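*Asks:* So here's entry23.txt, just compact mmCIF, N, CA and C atoms:
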```txt
# COMPACT_ATOMS: atom_id res chain seq x y z
N MET P 310 81.12 59.00 -13.71
CA MET P 310 80.50 57.70 -13.84
C MET P 310 81.25 56.90 -14.92
N GLN P 311 81.47 55.65 -14.65
CA GLN P 311 82.21 54.80 -15.56
C GLN P 311 81.28 54.26 -16.65
N VAL P 312 81.73 54.31 -17.90
CA VAL P 312 80.96 53.83 -19.04
C VAL P 312 81.22 52.34 -19.21
N PRO P 313 80.15 51.52 -19.34
CA PRO P 313 80.36 50.08 -19.54
C PRO P 313 81.06 49.80 -20.87
N LEU P 314 82.05 48.92 -20.83
CA LEU P 314 82.78 48.52 -22.03
C LEU P 314 82.31 47.13 -22.45
N ARG P 315 82.23 46.92 -23.74
CA ARG P 315 81.87 45.62 -24.30
C ARG P 315 82.89 45.29 -25.38
N THR P 316 83.03 44.01 -25.70
CA THR P 316 83.96 43.57 -26.73
C THR P 316 83.19 43.24 -28.00
N CYS P 317 83.62 43.81 -29.11
CA CYS P 317 83.01 43.55 -30.41
C CYS P 317 83.36 42.13 -30.84
N ILE P 318 82.36 41.35 -31.27
CA ILE P 318 82.63 39.98 -31.71
C ILE P 318 83.29 39.93 -33.07
N GLY P 319 83.31 41.06 -33.78
CA GLY P 319 83.94 41.11 -35.09
C GLY P 319 85.43 41.38 -35.01
N CYS P 320 85.79 42.49 -34.37
CA CYS P 320 87.20 42.90 -34.32
C CYS P 320 87.87 42.57 -32.99
N ARG P 321 87.07 42.15 -31.99
CA ARG P 321 87.56 41.79 -30.65
C ARG P 321 88.12 42.99 -29.88
N LYS P 322 87.80 44.22 -30.30
CA LYS P 322 88.25 45.41 -29.58
C LYS P 322 87.18 45.84 -28.60
N LYS P 323 87.61 46.37 -27.46
CA LYS P 323 86.68 46.87 -26.46
C LYS P 323 86.25 48.28 -26.83
N ALA P 324 84.98 48.57 -26.58
CA ALA P 324 84.43 49.89 -26.88
C ALA P 324 83.28 50.16 -25.91
N PRO P 325 82.96 51.44 -25.68
CA PRO P 325 81.78 51.76 -24.87
C PRO P 325 80.54 51.14 -25.51
N GLN P 326 79.63 50.63 -24.70
CA GLN P 326 78.48 49.93 -25.26
C GLN P 326 77.63 50.82 -26.14
N GLY P 327 77.70 52.14 -25.98
CA GLY P 327 76.96 53.05 -26.83
C GLY P 327 77.44 53.08 -28.26
N GLU P 328 78.64 52.57 -28.52
CA GLU P 328 79.19 52.52 -29.88
C GLU P 328 78.91 51.20 -30.58
N LEU P 329 78.31 50.26 -29.86
CA LEU P 329 78.10 48.90 -30.39
C LEU P 329 76.62 48.57 -30.51
N LEU P 330 76.31 47.62 -31.36
CA LEU P 330 74.96 47.09 -31.48
C LEU P 330 74.88 45.80 -30.68
N ARG P 331 73.73 45.55 -30.03
CA ARG P 331 73.57 44.32 -29.27
C ARG P 331 72.85 43.29 -30.13
N VAL P 332 73.34 42.07 -30.07
CA VAL P 332 72.72 40.92 -30.71
C VAL P 332 72.21 40.03 -29.59
N ALA P 333 70.92 39.72 -29.60
CA ALA P 333 70.33 38.83 -28.59
C ALA P 333 70.25 37.42 -29.18
N ILE P 334 70.60 36.44 -28.37
CA ILE P 334 70.59 35.05 -28.79
C ILE P 334 69.62 34.30 -27.89
N HIS P 335 68.54 33.79 -28.49
CA HIS P 335 67.52 33.12 -27.69
C HIS P 335 66.83 32.05 -28.52
N ALA P 336 66.30 31.03 -27.85
CA ALA P 336 65.58 29.95 -28.51
C ALA P 336 64.08 30.18 -28.35
N GLU P 337 63.33 30.00 -29.42
CA GLU P 337 61.87 30.16 -29.37
C GLU P 337 61.25 29.12 -28.45
N HIS P 338 61.71 27.88 -28.59
CA HIS P 338 61.17 26.77 -27.80
C HIS P 338 62.34 25.98 -27.23
N PRO P 339 62.18 25.39 -26.05
CA PRO P 339 63.26 24.56 -25.51
C PRO P 339 63.62 23.45 -26.50
N GLY P 340 64.91 23.31 -26.73
CA GLY P 340 65.39 22.28 -27.64
C GLY P 340 65.53 22.75 -29.08
N SER P 341 64.98 23.92 -29.42
CA SER P 341 65.11 24.42 -30.79
C SER P 341 66.43 25.15 -30.97
N THR P 342 66.86 25.34 -32.20
CA THR P 342 68.10 26.04 -32.48
C THR P 342 67.93 27.51 -32.11
N PRO P 343 68.83 28.06 -31.32
CA PRO P 343 68.71 29.48 -30.95
C PRO P 343 68.82 30.38 -32.17
N GLN P 344 68.13 31.50 -32.10
CA GLN P 344 68.09 32.50 -33.17
C GLN P 344 68.83 33.74 -32.69
N ALA P 345 69.62 34.34 -33.57
CA ALA P 345 70.30 35.60 -33.25
C ALA P 345 69.52 36.73 -33.91
N THR P 346 69.18 37.76 -33.13
CA THR P 346 68.44 38.90 -33.66
C THR P 346 69.08 40.19 -33.19
N LEU P 347 68.94 41.23 -33.99
CA LEU P 347 69.43 42.54 -33.62
C LEU P 347 68.53 43.09 -32.52
N ASP P 348 69.13 43.54 -31.44
CA ASP P 348 68.38 44.04 -30.28
C ASP P 348 68.61 45.54 -30.16
N ALA P 349 67.89 46.31 -30.96
CA ALA P 349 68.08 47.76 -31.01
C ALA P 349 67.79 48.42 -29.65
N GLY P 350 66.80 47.92 -28.93
CA GLY P 350 66.45 48.50 -27.63
C GLY P 350 67.29 47.98 -26.48
N ARG P 351 68.11 46.98 -26.75
CA ARG P 351 68.99 46.37 -25.74
C ARG P 351 68.22 45.82 -24.54
N ARG P 352 67.04 45.25 -24.82
CA ARG P 352 66.21 44.74 -23.73
C ARG P 352 65.72 43.31 -23.94
N HIS P 353 66.04 42.71 -25.09
CA HIS P 353 65.56 41.35 -25.34
C HIS P 353 66.21 40.36 -24.38
N PRO P 354 65.47 39.33 -24.00
CA PRO P 354 66.06 38.32 -23.13
C PRO P 354 67.07 37.48 -23.90
N GLY P 355 67.85 36.76 -23.20
CA GLY P 355 68.81 35.86 -23.82
C GLY P 355 70.23 36.39 -23.74
N ARG P 356 71.13 35.54 -24.10
CA ARG P 356 72.54 35.90 -24.08
C ARG P 356 72.79 36.99 -25.11
N GLY P 357 73.65 37.93 -24.80
CA GLY P 357 73.93 39.03 -25.71
C GLY P 357 75.34 38.99 -26.24
N ALA P 358 75.50 39.53 -27.44
CA ALA P 358 76.81 39.72 -28.05
C ALA P 358 76.79 41.13 -28.61
N TRP P 359 77.96 41.70 -28.81
CA TRP P 359 78.06 43.09 -29.25
C TRP P 359 78.91 43.19 -30.50
N ILE P 360 78.52 44.11 -31.41
CA ILE P 360 79.25 44.26 -32.67
C ILE P 360 79.22 45.73 -33.11
N HIS P 361 80.33 46.18 -33.69
CA HIS P 361 80.38 47.53 -34.24
C HIS P 361 79.45 47.62 -35.46
N PRO P 362 78.81 48.76 -35.67
CA PRO P 362 78.00 48.96 -36.88
C PRO P 362 78.92 49.28 -38.06
N ASP P 363 79.73 48.32 -38.43
CA ASP P 363 80.80 48.51 -39.41
C ASP P 363 80.85 47.27 -40.30
N SER P 364 80.92 47.48 -41.60
CA SER P 364 80.87 46.33 -42.52
C SER P 364 82.03 45.36 -42.32
N GLU P 365 83.20 45.85 -41.95
CA GLU P 365 84.34 44.95 -41.72
C GLU P 365 84.10 44.06 -40.51
N CYS P 366 83.61 44.62 -39.43
CA CYS P 366 83.33 43.81 -38.24
C CYS P 366 82.22 42.80 -38.52
N ILE P 367 81.21 43.23 -39.26
CA ILE P 367 80.11 42.33 -39.60
C ILE P 367 80.61 41.17 -40.46
N ARG P 368 81.42 41.49 -41.47
CA ARG P 368 81.97 40.45 -42.35
C ARG P 368 82.85 39.47 -41.57
N HIS P 369 83.69 40.00 -40.70
CA HIS P 369 84.58 39.13 -39.93
C HIS P 369 83.79 38.25 -38.96
N ALA P 370 82.78 38.81 -38.31
CA ALA P 370 81.96 38.02 -37.38
C ALA P 370 81.23 36.90 -38.11
N LYS P 371 80.75 37.20 -39.30
CA LYS P 371 80.05 36.18 -40.09
C LYS P 371 81.01 35.08 -40.53
N ARG P 372 82.16 35.47 -41.04
CA ARG P 372 83.15 34.51 -41.55
C ARG P 372 83.71 33.62 -40.45
N SER P 373 83.91 34.19 -39.26
CA SER P 373 84.53 33.42 -38.17
C SER P 373 83.51 32.74 -37.25
N LYS P 374 82.21 32.87 -37.59
CA LYS P 374 81.15 32.27 -36.76
C LYS P 374 81.22 32.76 -35.31
N ALA P 375 81.47 34.05 -35.16
CA ALA P 375 81.66 34.65 -33.84
C ALA P 375 80.40 34.65 -32.98
N VAL P 376 79.23 34.72 -33.60
CA VAL P 376 77.99 34.71 -32.81
C VAL P 376 77.83 33.36 -32.12
N ALA P 377 78.04 32.28 -32.85
CA ALA P 377 77.94 30.94 -32.26
C ALA P 377 78.98 30.74 -31.17
N ARG P 378 80.18 31.24 -31.39
CA ARG P 378 81.23 31.11 -30.37
C ARG P 378 80.86 31.90 -29.12
N SER P 379 80.29 33.08 -29.30
CA SER P 379 79.86 33.90 -28.17
C SER P 379 78.73 33.22 -27.39
N ALA P 380 77.83 32.56 -28.12
CA ALA P 380 76.70 31.88 -27.49
C ALA P 380 77.08 30.52 -26.91
N ARG P 381 78.25 30.03 -27.32
CA ARG P 381 78.74 28.73 -26.88
C ARG P 381 77.85 27.58 -27.35
N ARG P 382 77.23 27.77 -28.53
CA ARG P 382 76.40 26.73 -29.14
C ARG P 382 76.05 27.14 -30.57
N ALA P 383 75.49 26.22 -31.33
CA ALA P 383 75.08 26.52 -32.71
C ALA P 383 73.94 27.53 -32.68
N VAL P 384 74.00 28.52 -33.58
CA VAL P 384 73.01 29.59 -33.62
C VAL P 384 72.64 29.87 -35.07
N ASP P 385 71.35 30.11 -35.32
CA ASP P 385 70.90 30.50 -36.65
C ASP P 385 71.14 32.00 -36.81
N THR P 386 72.05 32.37 -37.72
CA THR P 386 72.43 33.78 -37.89
C THR P 386 72.07 34.33 -39.27
N GLU P 387 71.41 33.56 -40.09
CA GLU P 387 71.13 33.96 -41.47
C GLU P 387 70.38 35.29 -41.54
N GLU P 388 69.28 35.41 -40.81
CA GLU P 388 68.47 36.64 -40.85
C GLU P 388 69.23 37.81 -40.22
N LEU P 389 69.97 37.56 -39.17
CA LEU P 389 70.74 38.62 -38.51
C LEU P 389 71.73 39.24 -39.48
N PHE P 390 72.54 38.43 -40.14
CA PHE P 390 73.56 38.97 -41.03
C PHE P 390 72.94 39.61 -42.28
N ALA P 391 71.82 39.10 -42.75
CA ALA P 391 71.13 39.73 -43.88
C ALA P 391 70.69 41.14 -43.48
N GLU P 392 70.15 41.29 -42.28
CA GLU P 392 69.71 42.61 -41.80
C GLU P 392 70.90 43.55 -41.59
N LEU P 393 71.97 43.05 -40.97
CA LEU P 393 73.15 43.89 -40.73
C LEU P 393 73.82 44.32 -42.03
N GLU P 394 73.94 43.40 -42.98
CA GLU P 394 74.57 43.73 -44.25
C GLU P 394 73.73 44.73 -45.05
N GLN P 395 72.42 44.69 -44.87
CA GLN P 395 71.55 45.64 -45.55
C GLN P 395 71.67 47.03 -44.90
N LYS P 396 71.74 47.09 -43.58
CA LYS P 396 71.82 48.36 -42.87
C LYS P 396 73.20 49.02 -42.98
N PHE P 397 74.24 48.22 -43.07
CA PHE P 397 75.61 48.74 -43.07
C PHE P 397 76.38 48.17 -44.26
N PRO P 398 76.01 48.55 -45.50
CA PRO P 398 76.63 47.97 -46.68
C PRO P 398 78.04 48.47 -46.95
N GLU P 399 78.36 49.66 -46.53
CA GLU P 399 79.67 50.23 -46.81
C GLU P 399 80.53 50.20 -45.57
N ASN P 400 81.78 50.47 -45.75
CA ASN P 400 82.71 50.51 -44.62
C ASN P 400 82.64 51.87 -43.95
N ASN P 401 81.59 52.07 -43.17
CA ASN P 401 81.47 53.32 -42.43
C ASN P 401 80.94 53.03 -41.04
N ARG P 402 81.79 53.21 -40.07
CA ARG P 402 81.40 52.99 -38.68
C ARG P 402 80.53 54.16 -38.26
N GLN P 403 79.33 53.85 -37.77
CA GLN P 403 78.40 54.89 -37.36
C GLN P 403 78.11 54.72 -35.88
N PRO P 404 78.26 55.79 -35.09
CA PRO P 404 77.94 55.68 -33.68
C PRO P 404 76.45 55.45 -33.48
N VAL P 405 76.09 54.75 -32.44
CA VAL P 405 74.68 54.52 -32.11
C VAL P 405 74.40 55.13 -30.76
N ASN P 406 73.16 55.56 -30.56
CA ASN P 406 72.81 56.14 -29.26
C ASN P 406 72.29 55.06 -28.32
N GLU P 407 71.88 55.45 -27.14
CA GLU P 407 71.47 54.48 -26.11
C GLU P 407 70.31 53.61 -26.54
N SER P 408 69.44 54.09 -27.43
CA SER P 408 68.30 53.27 -27.87
C SER P 408 68.70 52.28 -28.95
N GLY P 409 69.95 52.37 -29.44
CA GLY P 409 70.44 51.43 -30.43
C GLY P 409 70.26 51.91 -31.85
N SER P 410 69.71 53.10 -32.04
CA SER P 410 69.56 53.61 -33.40
C SER P 410 70.74 54.46 -33.77
N GLU P 411 70.91 54.67 -35.08
CA GLU P 411 72.05 55.47 -35.54
C GLU P 411 71.89 56.91 -35.12
N ARG P 412 73.02 57.58 -34.91
CA ARG P 412 72.97 59.00 -34.56
C ARG P 412 72.97 59.84 -35.80
```
Output the file's structure in the form of structure tokens.

*Replies:*
Amino acid sequence: MQVPLRTCIGCRKKAPQGELLRVAIHAEHPGSTPQATLDAGRRHPGRGAWIHPDSECIRHAKRSKAVARSARRAVDTEELFAELEQKFPENNRQPVNESGSER
């Protein structure tokens, strides 16, 4: 069986989706600014983006506004990056399992 590949918005490298975290991008109300949230269960509605659980990828995605580029519109990412930087403060790539939690 073929494993689905996704592209990390931080480093732009392709990886099996099991190695990446999903970010869901959705608007609470029509016309409001879309919010980016970590989608640990990989089931939230909305456009998705993928990122390695790695501080370098997180830093690069934040600096280059990769979430907004992936969503093709302005996105509120403040809470997302605060959560990611808290969970992955050091430069250590950690594999994630199918439910989106660390192994």

*Asks:* For a quick check of understanding, using only N, CA and C atoms, which of P:Ala345, P:Met310, P:Ile318, P:Arg331 has the smallest distance to Asp385 in chain P?

*Replies:*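 The closest residue to Asp385 in chain P is P:Ala345.
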
*Asks:* Taking into account all atoms listed in the file, which residue in the set P:Ala336, P:Gln395, P:Ser379, P:Leu329 is nearest to Pro362 in chain P?

*Replies:*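 That would be P:Leu329, the residue with the smallest distance to Pro362 in chain P.
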
*Asks:* Hey, which of P:Lys322, P:His338, P:Pro313, P:Pro343 ends up closest to Thr386 in chain P? Count all atoms listed in the file.

*Replies:* P:Pro343

*Asks:* How many Å separate CA of Arg378 in chain P from CA of Gln311 in chain P?

*Replies:* 28.0 Å

*Asks:* For the atom pair atom N of Ala380 in chain P and atom C of Pro339 in chain P, what is the interatomic distance in Å to one decimal place?

*Replies:* 17.0 Å

*Asks:* For CA of Val384 in chain P and CA of His369 in chain P, determine how far apart the two atoms are, in Å to one decimal place.

*Replies:*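 Between these atoms lies a distance of 16.3 Å.
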
*Asks:* I need the residues of chain P that end up classed as strand (DSSP E) by DSSP on the backbone, written out as a list in words.

*Replies:*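 Result set for chain P (strand (DSSP E)): Leu314, Arg315, Thr316, Lys323, Ala324, Pro325, Leu330, Arg331, Val332, Ala333, Ile334, His335, Gln344, Ala345, Thr346, Leu347, Arg356, Gly357, Ala358, Trp359 and Ile360 of chain P.
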
*Asks:* Between P:Ala333, P:Val312, P:Arg321, P:Ala383, which is the closest to Ala358 in chain P once you count all atoms listed in the file?

*Replies:*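 Of the candidates, the smallest distance to Ala358 in chain P is held by P:Ala333.
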
*Asks:* For a quick check of understanding, using all atoms listed in the file, which of P:Lys396, P:His335, P:Lys374, P:Lys323 has the smallest distance to Pro354 in chain P?

*Replies:*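 Closest to Pro354 in chain P, using all atoms listed in the file: P:His335.
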
*Asks:* Name the residues within 5 Å of (70.2, 36.1, -24.0), counting all atoms listed in the file in the file's coordinates, and put them as JSON, numbers by chain.

*Replies:* {"P": [334, 354, 355, 356, 357]}

*Asks:* From the options P:Leu393, P:Thr342, P:Glu365, P:Glu387, which residue's atoms come nearest to Leu330 in chain P, counting only C-alpha atoms?

*Replies:*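 Once distances to Leu330 in chain P are computed over only C-alpha atoms, the minimum belongs to P:Leu393.
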